[in-house]
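J.: You'll find data_13.tsv just under this line, and it carries TSV, N, CA and C atoms.
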chain	number	residue	atom	x	y	z
A	1	ALA	N	-14.15	-22.11	-0.44
A	1	ALA	CA	-13.06	-22.44	-1.33
A	1	ALA	C	-13.31	-21.80	-2.70
A	2	THR	N	-12.24	-21.43	-3.33
A	2	THR	CA	-12.33	-20.83	-4.66
A	2	THR	C	-12.25	-21.92	-5.72
A	3	ASP	N	-12.59	-21.57	-6.96
A	3	ASP	CA	-12.48	-22.54	-8.05
A	3	ASP	C	-11.05	-23.06	-8.22
A	4	PRO	N	-10.03	-22.18	-8.17
A	4	PRO	CA	-8.66	-22.72	-8.27
A	4	PRO	C	-8.32	-23.68	-7.13
A	5	ALA	N	-8.82	-23.42	-5.93
A	5	ALA	CA	-8.55	-24.32	-4.80
A	5	ALA	C	-9.23	-25.67	-5.03
A	6	ARG	N	-10.47	-25.63	-5.49
A	6	ARG	CA	-11.17	-26.89	-5.78
A	6	ARG	C	-10.43	-27.69	-6.84
A	7	ALA	N	-9.96	-27.02	-7.88
A	7	ALA	CA	-9.24	-27.70	-8.96
A	7	ALA	C	-7.95	-28.31	-8.43
A	8	PHE	N	-7.26	-27.57	-7.56
A	8	PHE	CA	-6.02	-28.10	-6.98
A	8	PHE	C	-6.29	-29.38	-6.21
A	9	TRP	N	-7.26	-29.33	-5.29
A	9	TRP	CA	-7.54	-30.50	-4.46
A	9	TRP	C	-8.06	-31.67	-5.29
A	10	LYS	N	-8.78	-31.39	-6.33
A	10	LYS	CA	-9.28	-32.45	-7.21
A	10	LYS	C	-8.11	-33.16	-7.91
A	11	SER	N	-7.05	-32.41	-8.21
A	11	SER	CA	-5.90	-32.99	-8.90
A	11	SER	C	-4.99	-33.78	-7.96
A	12	CYS	N	-5.16	-33.65	-6.66
A	12	CYS	CA	-4.32	-34.36	-5.69
A	12	CYS	C	-4.86	-35.76	-5.44
A	13	LYS	N	-3.94	-36.69	-5.26
A	13	LYS	CA	-4.31	-38.08	-4.97
A	13	LYS	C	-4.17	-38.32	-3.48
A	14	PRO	N	-5.02	-39.18	-2.90
A	14	PRO	CA	-4.90	-39.50	-1.47
A	14	PRO	C	-3.48	-39.98	-1.14
A	15	GLY	N	-2.92	-39.45	-0.07
A	15	GLY	CA	-1.59	-39.82	0.36
A	15	GLY	C	-0.47	-39.05	-0.31
A	16	GLN	N	-0.81	-38.25	-1.31
A	16	GLN	CA	0.20	-37.46	-2.01
A	16	GLN	C	0.68	-36.33	-1.11
A	17	LEU	N	1.98	-36.07	-1.15
A	17	LEU	CA	2.57	-34.99	-0.36
A	17	LEU	C	2.27	-33.65	-1.03
A	18	VAL	N	1.73	-32.72	-0.27
A	18	VAL	CA	1.47	-31.37	-0.77
A	18	VAL	C	2.03	-30.36	0.22
A	19	ARG	N	2.33	-29.19	-0.28
A	19	ARG	CA	2.81	-28.11	0.57
A	19	ARG	C	1.84	-26.95	0.45
A	20	LEU	N	1.42	-26.43	1.57
A	20	LEU	CA	0.51	-25.29	1.58
A	20	LEU	C	1.24	-24.07	2.11
A	21	ASP	N	1.10	-22.97	1.41
A	21	ASP	CA	1.67	-21.71	1.85
A	21	ASP	C	0.53	-20.82	2.30
A	22	GLY	N	0.43	-20.62	3.59
A	22	GLY	CA	-0.64	-19.79	4.12
A	22	GLY	C	-0.31	-18.32	4.02
A	23	LYS	N	-1.26	-17.55	3.59
A	23	LYS	CA	-1.12	-16.10	3.51
A	23	LYS	C	-2.39	-15.46	4.02
A	24	ARG	N	-2.22	-14.39	4.74
A	24	ARG	CA	-3.37	-13.61	5.15
A	24	ARG	C	-3.77	-12.73	3.98
A	25	PRO	N	-5.01	-12.82	3.54
A	25	PRO	CA	-5.40	-11.97	2.41
A	25	PRO	C	-5.40	-10.50	2.82
A	26	ARG	N	-5.20	-9.64	1.85
A	26	ARG	CA	-5.24	-8.21	2.11
A	26	ARG	C	-6.64	-7.80	2.54
A	27	ASN	N	-6.68	-6.89	3.45
A	27	ASN	CA	-7.93	-6.38	3.99
A	27	ASN	C	-8.42	-5.24	3.10
A	28	PRO	N	-9.51	-5.46	2.36
A	28	PRO	CA	-10.00	-4.39	1.47
A	28	PRO	C	-10.46	-3.15	2.24
A	29	GLU	N	-10.91	-3.33	3.48
A	29	GLU	CA	-11.33	-2.18	4.29
A	29	GLU	C	-10.13	-1.30	4.65
A	30	ARG	N	-8.99	-1.92	4.93
A	30	ARG	CA	-7.78	-1.14	5.23
A	30	ARG	C	-7.34	-0.38	3.98
A	31	HIS	N	-7.44	-1.05	2.83
A	31	HIS	CA	-7.09	-0.42	1.55
A	31	HIS	C	-7.99	0.80	1.30
A	32	LYS	N	-9.27	0.64	1.54
A	32	LYS	CA	-10.23	1.74	1.38
A	32	LYS	C	-9.91	2.89	2.34
A	33	LEU	N	-9.58	2.56	3.59
A	33	LEU	CA	-9.23	3.57	4.59
A	33	LEU	C	-7.95	4.30	4.19
A	34	TYR	N	-6.99	3.58	3.61
A	34	TYR	CA	-5.74	4.20	3.16
A	34	TYR	C	-6.04	5.29	2.13
A	35	TRP	N	-6.88	4.97	1.15
A	35	TRP	CA	-7.19	5.95	0.11
A	35	TRP	C	-8.03	7.10	0.66
A	36	ALA	N	-8.88	6.84	1.61
A	36	ALA	CA	-9.65	7.92	2.25
A	36	ALA	C	-8.69	8.83	3.02
A	37	MET	N	-7.71	8.25	3.70
A	37	MET	CA	-6.72	9.03	4.43
A	37	MET	C	-5.93	9.92	3.47
A	38	LEU	N	-5.52	9.36	2.33
A	38	LEU	CA	-4.79	10.16	1.34
A	38	LEU	C	-5.65	11.28	0.79
A	39	THR	N	-6.93	11.01	0.57
A	39	THR	CA	-7.84	12.03	0.05
A	39	THR	C	-7.97	13.18	1.03
A	40	VAL	N	-8.18	12.87	2.31
A	40	VAL	CA	-8.30	13.90	3.35
A	40	VAL	C	-7.00	14.71	3.41
A	41	ALA	N	-5.87	14.01	3.40
A	41	ALA	CA	-4.58	14.71	3.49
A	41	ALA	C	-4.34	15.58	2.26
A	42	ALA	N	-4.63	15.05	1.07
A	42	ALA	CA	-4.41	15.82	-0.17
A	42	ALA	C	-5.26	17.08	-0.20
A	43	GLU	N	-6.48	17.00	0.34
A	43	GLU	CA	-7.36	18.17	0.39
A	43	GLU	C	-6.78	19.26	1.29
A	44	ASN	N	-5.91	18.88	2.21
A	44	ASN	CA	-5.31	19.83	3.14
A	44	ASN	C	-3.84	20.12	2.85
A	45	MET	N	-3.37	19.62	1.73
A	45	MET	CA	-1.99	19.86	1.32
A	45	MET	C	-2.02	20.36	-0.13
A	46	PRO	N	-2.13	21.67	-0.33
A	46	PRO	CA	-2.31	22.22	-1.68
A	46	PRO	C	-1.25	21.78	-2.70
A	47	ARG	N	-0.09	21.41	-2.22
A	47	ARG	CA	0.97	20.99	-3.15
A	47	ARG	C	0.59	19.72	-3.91
A	48	PHE	N	-0.23	18.88	-3.27
A	48	PHE	CA	-0.67	17.63	-3.90
A	48	PHE	C	-2.12	17.82	-4.34
A	49	GLU	N	-2.36	17.76	-5.62
A	49	GLU	CA	-3.70	18.03	-6.15
A	49	GLU	C	-4.64	16.85	-5.99
A	50	THR	N	-4.10	15.64	-5.91
A	50	THR	CA	-4.94	14.45	-5.83
A	50	THR	C	-4.35	13.44	-4.85
A	51	ALA	N	-5.18	12.51	-4.44
A	51	ALA	CA	-4.71	11.42	-3.58
A	51	ALA	C	-3.66	10.58	-4.31
A	52	GLU	N	-3.82	10.43	-5.62
A	52	GLU	CA	-2.86	9.65	-6.40
A	52	GLU	C	-1.47	10.28	-6.39
A	53	ARG	N	-1.42	11.60	-6.49
A	53	ARG	CA	-0.12	12.28	-6.45
A	53	ARG	C	0.50	12.16	-5.06
A	54	LEU	N	-0.32	12.25	-4.05
A	54	LEU	CA	0.18	12.11	-2.69
A	54	LEU	C	0.67	10.68	-2.46
A	55	HIS	N	-0.03	9.70	-3.02
A	55	HIS	CA	0.39	8.30	-2.93
A	55	HIS	C	1.81	8.15	-3.50
A	56	TYR	N	2.04	8.74	-4.64
A	56	TYR	CA	3.38	8.71	-5.25
A	56	TYR	C	4.38	9.41	-4.33
A	57	GLY	N	3.99	10.56	-3.79
A	57	GLY	CA	4.88	11.32	-2.93
A	57	GLY	C	5.27	10.58	-1.66
A	58	VAL	N	4.31	9.91	-1.03
A	58	VAL	CA	4.66	9.19	0.20
A	58	VAL	C	5.53	7.97	-0.10
A	59	LYS	N	5.32	7.36	-1.26
A	59	LYS	CA	6.21	6.25	-1.64
A	59	LYS	C	7.65	6.75	-1.77
A	60	GLN	N	7.79	7.91	-2.38
A	60	GLN	CA	9.13	8.47	-2.54
A	60	GLN	C	9.71	8.87	-1.18
A	61	ALA	N	8.91	9.51	-0.33
A	61	ALA	CA	9.40	9.94	0.97
A	61	ALA	C	9.82	8.76	1.84
A	62	LEU	N	9.09	7.65	1.70
A	62	LEU	CA	9.40	6.45	2.49
A	62	LEU	C	10.37	5.51	1.77
A	63	ARG	N	10.84	5.95	0.60
A	63	ARG	CA	11.79	5.17	-0.19
A	63	ARG	C	11.24	3.79	-0.56
A	64	LEU	N	9.96	3.77	-0.90
A	64	LEU	CA	9.34	2.53	-1.37
A	64	LEU	C	9.48	2.52	-2.89
A	65	GLY	N	10.63	2.13	-3.33
A	65	GLY	CA	10.97	2.15	-4.74
A	65	GLY	C	12.47	2.39	-4.84
A	66	GLU	N	12.89	2.78	-6.01
A	66	GLU	CA	14.32	3.03	-6.18
A	66	GLU	C	14.56	4.18	-7.14
A	67	PHE	N	15.70	4.81	-6.98
A	67	PHE	CA	16.11	5.88	-7.88
A	67	PHE	C	16.99	5.27	-8.96
A	68	ILE	N	16.57	5.43	-10.21
A	68	ILE	CA	17.28	4.88	-11.36
A	68	ILE	C	17.99	6.03	-12.06
A	69	PRO	N	19.31	5.94	-12.23
A	69	PRO	CA	20.03	7.02	-12.92
A	69	PRO	C	19.77	6.97	-14.43
A	70	ILE	N	19.53	8.13	-14.99
A	70	ILE	CA	19.39	8.26	-16.44
A	70	ILE	C	20.33	9.37	-16.90
A	71	ARG	N	20.42	9.58	-18.19
A	71	ARG	CA	21.31	10.59	-18.78
A	71	ARG	C	22.73	10.45	-18.27
A	72	GLY	N	23.24	9.23	-18.42
A	72	GLY	CA	24.63	8.99	-18.03
A	72	GLY	C	24.84	9.02	-16.53
A	73	GLY	N	23.80	8.78	-15.76
A	73	GLY	CA	23.93	8.75	-14.31
A	73	GLY	C	23.83	10.10	-13.66
A	74	LYS	N	23.52	11.15	-14.42
A	74	LYS	CA	23.46	12.50	-13.87
A	74	LYS	C	22.11	12.85	-13.28
A	75	GLU	N	21.08	12.16	-13.70
A	75	GLU	CA	19.74	12.53	-13.27
A	75	GLU	C	18.98	11.28	-12.79
A	76	PRO	N	18.79	11.15	-11.46
A	76	PRO	CA	18.05	9.99	-10.96
A	76	PRO	C	16.54	10.20	-11.08
A	77	VAL	N	15.84	9.15	-11.45
A	77	VAL	CA	14.38	9.19	-11.55
A	77	VAL	C	13.83	8.17	-10.57
A	78	PHE	N	12.83	8.57	-9.79
A	78	PHE	CA	12.24	7.65	-8.82
A	78	PHE	C	11.24	6.73	-9.51
A	79	VAL	N	11.42	5.44	-9.32
A	79	VAL	CA	10.51	4.43	-9.84
A	79	VAL	C	9.88	3.75	-8.63
A	80	PRO	N	8.59	4.05	-8.36
A	80	PRO	CA	7.96	3.52	-7.15
A	80	PRO	C	7.68	2.02	-7.24
A	81	ALA	N	7.74	1.36	-6.11
A	81	ALA	CA	7.34	-0.04	-6.02
A	81	ALA	C	5.82	-0.09	-5.92
A	82	SER	N	5.27	-1.22	-6.23
A	82	SER	CA	3.82	-1.40	-6.20
A	82	SER	C	3.33	-1.67	-4.78
A	83	THR	N	2.15	-1.16	-4.49
A	83	THR	CA	1.47	-1.48	-3.23
A	83	THR	C	0.20	-2.27	-3.51
A	84	SER	N	0.13	-2.88	-4.68
A	84	SER	CA	-1.07	-3.62	-5.08
A	84	SER	C	-1.28	-4.82	-4.17
A	85	PHE	N	-2.47	-5.39	-4.25
A	85	PHE	CA	-2.80	-6.57	-3.46
A	85	PHE	C	-1.84	-7.71	-3.74
A	86	ALA	N	-1.40	-7.84	-4.99
A	86	ALA	CA	-0.48	-8.91	-5.36
A	86	ALA	C	0.95	-8.63	-4.89
A	87	ALA	N	1.31	-7.37	-4.77
A	87	ALA	CA	2.69	-7.00	-4.45
A	87	ALA	C	2.99	-6.95	-2.96
A	88	MET	N	1.97	-6.68	-2.13
A	88	MET	CA	2.19	-6.53	-0.70
A	88	MET	C	1.26	-7.43	0.08
A	89	SER	N	1.81	-8.09	1.08
A	89	SER	CA	0.98	-8.89	1.97
A	89	SER	C	0.20	-7.96	2.90
A	90	GLU	N	-0.74	-8.50	3.62
A	90	GLU	CA	-1.52	-7.70	4.58
A	90	GLU	C	-0.59	-7.10	5.63
A	91	HIS	N	0.35	-7.89	6.12
A	91	HIS	CA	1.29	-7.40	7.13
A	91	HIS	C	2.13	-6.25	6.57
A	92	GLU	N	2.64	-6.40	5.36
A	92	GLU	CA	3.46	-5.36	4.74
A	92	GLU	C	2.65	-4.09	4.51
A	93	PHE	N	1.39	-4.25	4.04
A	93	PHE	CA	0.57	-3.08	3.77
A	93	PHE	C	0.19	-2.36	5.06
A	94	ALA	N	-0.11	-3.13	6.12
A	94	ALA	CA	-0.45	-2.51	7.42
A	94	ALA	C	0.73	-1.69	7.94
A	95	ASP	N	1.94	-2.23	7.80
A	95	ASP	CA	3.15	-1.51	8.22
A	95	ASP	C	3.34	-0.25	7.37
A	96	PHE	N	3.15	-0.38	6.06
A	96	PHE	CA	3.26	0.76	5.15
A	96	PHE	C	2.24	1.84	5.53
A	97	MET	N	1.01	1.43	5.79
A	97	MET	CA	-0.03	2.40	6.13
A	97	MET	C	0.29	3.12	7.44
A	98	ASP	N	0.82	2.40	8.42
A	98	ASP	CA	1.22	3.04	9.68
A	98	ASP	C	2.29	4.11	9.43
A	99	LYS	N	3.25	3.79	8.57
A	99	LYS	CA	4.31	4.77	8.26
A	99	LYS	C	3.75	5.97	7.51
A	100	VAL	N	2.83	5.73	6.58
A	100	VAL	CA	2.20	6.83	5.84
A	100	VAL	C	1.39	7.70	6.78
A	101	CYS	N	0.64	7.08	7.67
A	101	CYS	CA	-0.17	7.84	8.63
A	101	CYS	C	0.71	8.73	9.50
A	102	ALA	N	1.83	8.18	9.97
A	102	ALA	CA	2.75	8.97	10.80
A	102	ALA	C	3.34	10.13	9.99
A	103	LEU	N	3.74	9.86	8.76
A	103	LEU	CA	4.32	10.90	7.90
A	103	LEU	C	3.31	12.01	7.63
A	104	LEU	N	2.09	11.64	7.25
A	104	LEU	CA	1.07	12.64	6.94
A	104	LEU	C	0.64	13.41	8.18
A	105	SER	N	0.53	12.73	9.31
A	105	SER	CA	0.16	13.40	10.56
A	105	SER	C	1.17	14.46	10.94
A	106	GLU	N	2.44	14.12	10.77
A	106	GLU	CA	3.50	15.09	11.06
A	106	GLU	C	3.43	16.26	10.09
A	107	SER	N	3.22	15.97	8.82
A	107	SER	CA	3.15	17.03	7.80
A	107	SER	C	1.97	17.95	8.02
A	108	LEU	N	0.85	17.38	8.47
A	108	LEU	CA	-0.37	18.17	8.67
A	108	LEU	C	-0.46	18.77	10.06
A	109	GLY	N	0.38	18.32	10.98
A	109	GLY	CA	0.35	18.82	12.35
A	109	GLY	C	-0.85	18.33	13.13
A	110	VAL	N	-1.27	17.10	12.86
A	110	VAL	CA	-2.39	16.50	13.59
A	110	VAL	C	-1.96	15.15	14.16
A	111	HIS	N	-2.69	14.69	15.15
A	111	HIS	CA	-2.41	13.38	15.73
A	111	HIS	C	-2.86	12.30	14.74
A	112	PRO	N	-2.13	11.19	14.65
A	112	PRO	CA	-2.53	10.11	13.74
A	112	PRO	C	-3.97	9.63	13.94
A	113	VAL	N	-4.42	9.58	15.18
A	113	VAL	CA	-5.79	9.15	15.46
A	113	VAL	C	-6.80	10.11	14.83
A	114	GLN	N	-6.51	11.40	14.90
A	114	GLN	CA	-7.40	12.40	14.31
A	114	GLN	C	-7.45	12.23	12.79
A	115	LEU	N	-6.31	12.00	12.18
A	115	LEU	CA	-6.27	11.80	10.74
A	115	LEU	C	-7.09	10.58	10.33
A	116	LEU	N	-6.94	9.48	11.07
A	116	LEU	CA	-7.70	8.27	10.74
A	116	LEU	C	-9.20	8.46	10.97
A	117	GLU	N	-9.55	9.20	12.03
A	117	GLU	CA	-10.96	9.47	12.28
A	117	GLU	C	-11.57	10.30	11.14
A	118	GLU	N	-10.83	11.28	10.66
A	118	GLU	CA	-11.30	12.09	9.53
A	118	GLU	C	-11.46	11.22	8.27
A	119	ALA	N	-10.52	10.32	8.08
A	119	ALA	CA	-10.60	9.43	6.91
A	119	ALA	C	-11.79	8.49	7.02
A	120	LYS	N	-12.06	7.98	8.21
A	120	LYS	CA	-13.21	7.09	8.41
A	120	LYS	C	-14.52	7.83	8.18
A	121	ALA	N	-14.56	9.11	8.52
A	121	ALA	CA	-15.77	9.91	8.36
A	121	ALA	C	-15.98	10.34	6.92
A	122	ALA	N	-14.93	10.30	6.13
A	122	ALA	CA	-15.02	10.77	4.73
A	122	ALA	C	-15.83	9.83	3.87
Could you write out this structure as structure tokens?

T.:
Amino acid sequence: ATDPARAFWKSCKPGQLVRLDGKRPRNPERHKLYWAMLTVAAENMPRFETAERLHYGVKQALRLGEFIPIRGGKEPVFVPASTSFAAMSEHEFADFMDKVCALLSESLGVHPVQLLEEAKAA
């Protein structure tokens, strides 16, 4: 139990009605593998100089965010949504990672399993 959890339970009285919202915590190993996968892909895609730029690019390609019109609606600017631990559940991030893996595999001309194996070895 965490300190906030202990404090919560300490503040509850016996017989008091409480509601618990269960969430699966984000898997830090999956997060690490995601960034390794982006690094491997960025190294093989000269257009993207860094994993961070590729991260932005895949968000745009997968429409994870929105296009906001500026200059009187003539010029849309992409504003990416967050993929942080607080912004995405484990289920949402796993789905996002699967889509990114498929997109990058297609772009690189490799099987998704090969891409993940390269990322794990990195």

J.: Using DSSP on the backbone, list every residue of range 15-119 of chain A that comes out as strand (DSSP E), and give them as an MDAnalysis selection string.

T.: chainID A and resid 65:70 75:80

J.: Can you pull out the residues contacting Glu66 in chain A? Cut-off 8 Å, using only N, CA and C atoms, and skip same-chain residues under 4 positions away; I want them as a ChimeraX atom specification.

T.: /A:59-60,76-81

J.: Tell me which of A:Gly15, A:Val100, A:Phe8, A:Phe85 sits closest to Val58 in chain A, counting only N, CA and C atoms.

T.: A:Val100

J.: Draw an axis-aligned box over all listed atoms of range 67-75 of chain A, pad each side with 6 Å, and write its centre and edge lengths in Å, one decimal, as lines of an AutoDock Vina configuration file.

T.:
center_x = 20.3
center_y = 8.8
center_z = -12.9
size_x = 21.1
size_y = 20.0
size_z = 23.8

J.: Measure the distance from CA of Phe93 in chain A to CA of Gln114 in chain A in Å and round it to one decimal.

T.: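 Separation of CA of Phe93 in chain A and CA of Gln114 in chain A: 20.4 Å.
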
J.: Tell me, as a list in words, which residues lie within 6 Å of range 28-39 of chain A, counting only C-alpha atoms; anything in the same chain fewer than 2 positions away does not count.

T.: Ala41, Ala42, Ala51 and Ala119 of chain A

J.: Based on the backbone DSSP call, show me all residues of range 16-116 of chain A assigned helix (DSSP H, G or I), as number ranges by chain.

T.: A: 28-43, 51-61, 90-108, 112-116

J.: Quick one, how far is atom C of Phe96 in chain A from atom N of Arg47 in chain A?

T.: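 A separation of 21.2 Å between them.
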
J.: For the atom pair atom N of Trp9 in chain A and atom C of His91 in chain A, what is the interatomic distance in Å to one decimal place?

T.: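 Calculated distance between atom N of Trp9 in chain A and atom C of His91 in chain A is 27.6 Å.
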
J.: Could you check which of A:Cys12, A:Pro4, A:Arg26, A:Tyr56 is closest to Ser84 in chain A, using only C-alpha atoms?

T.: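 Smallest separation from Ser84 in chain A among the options: A:Arg26.
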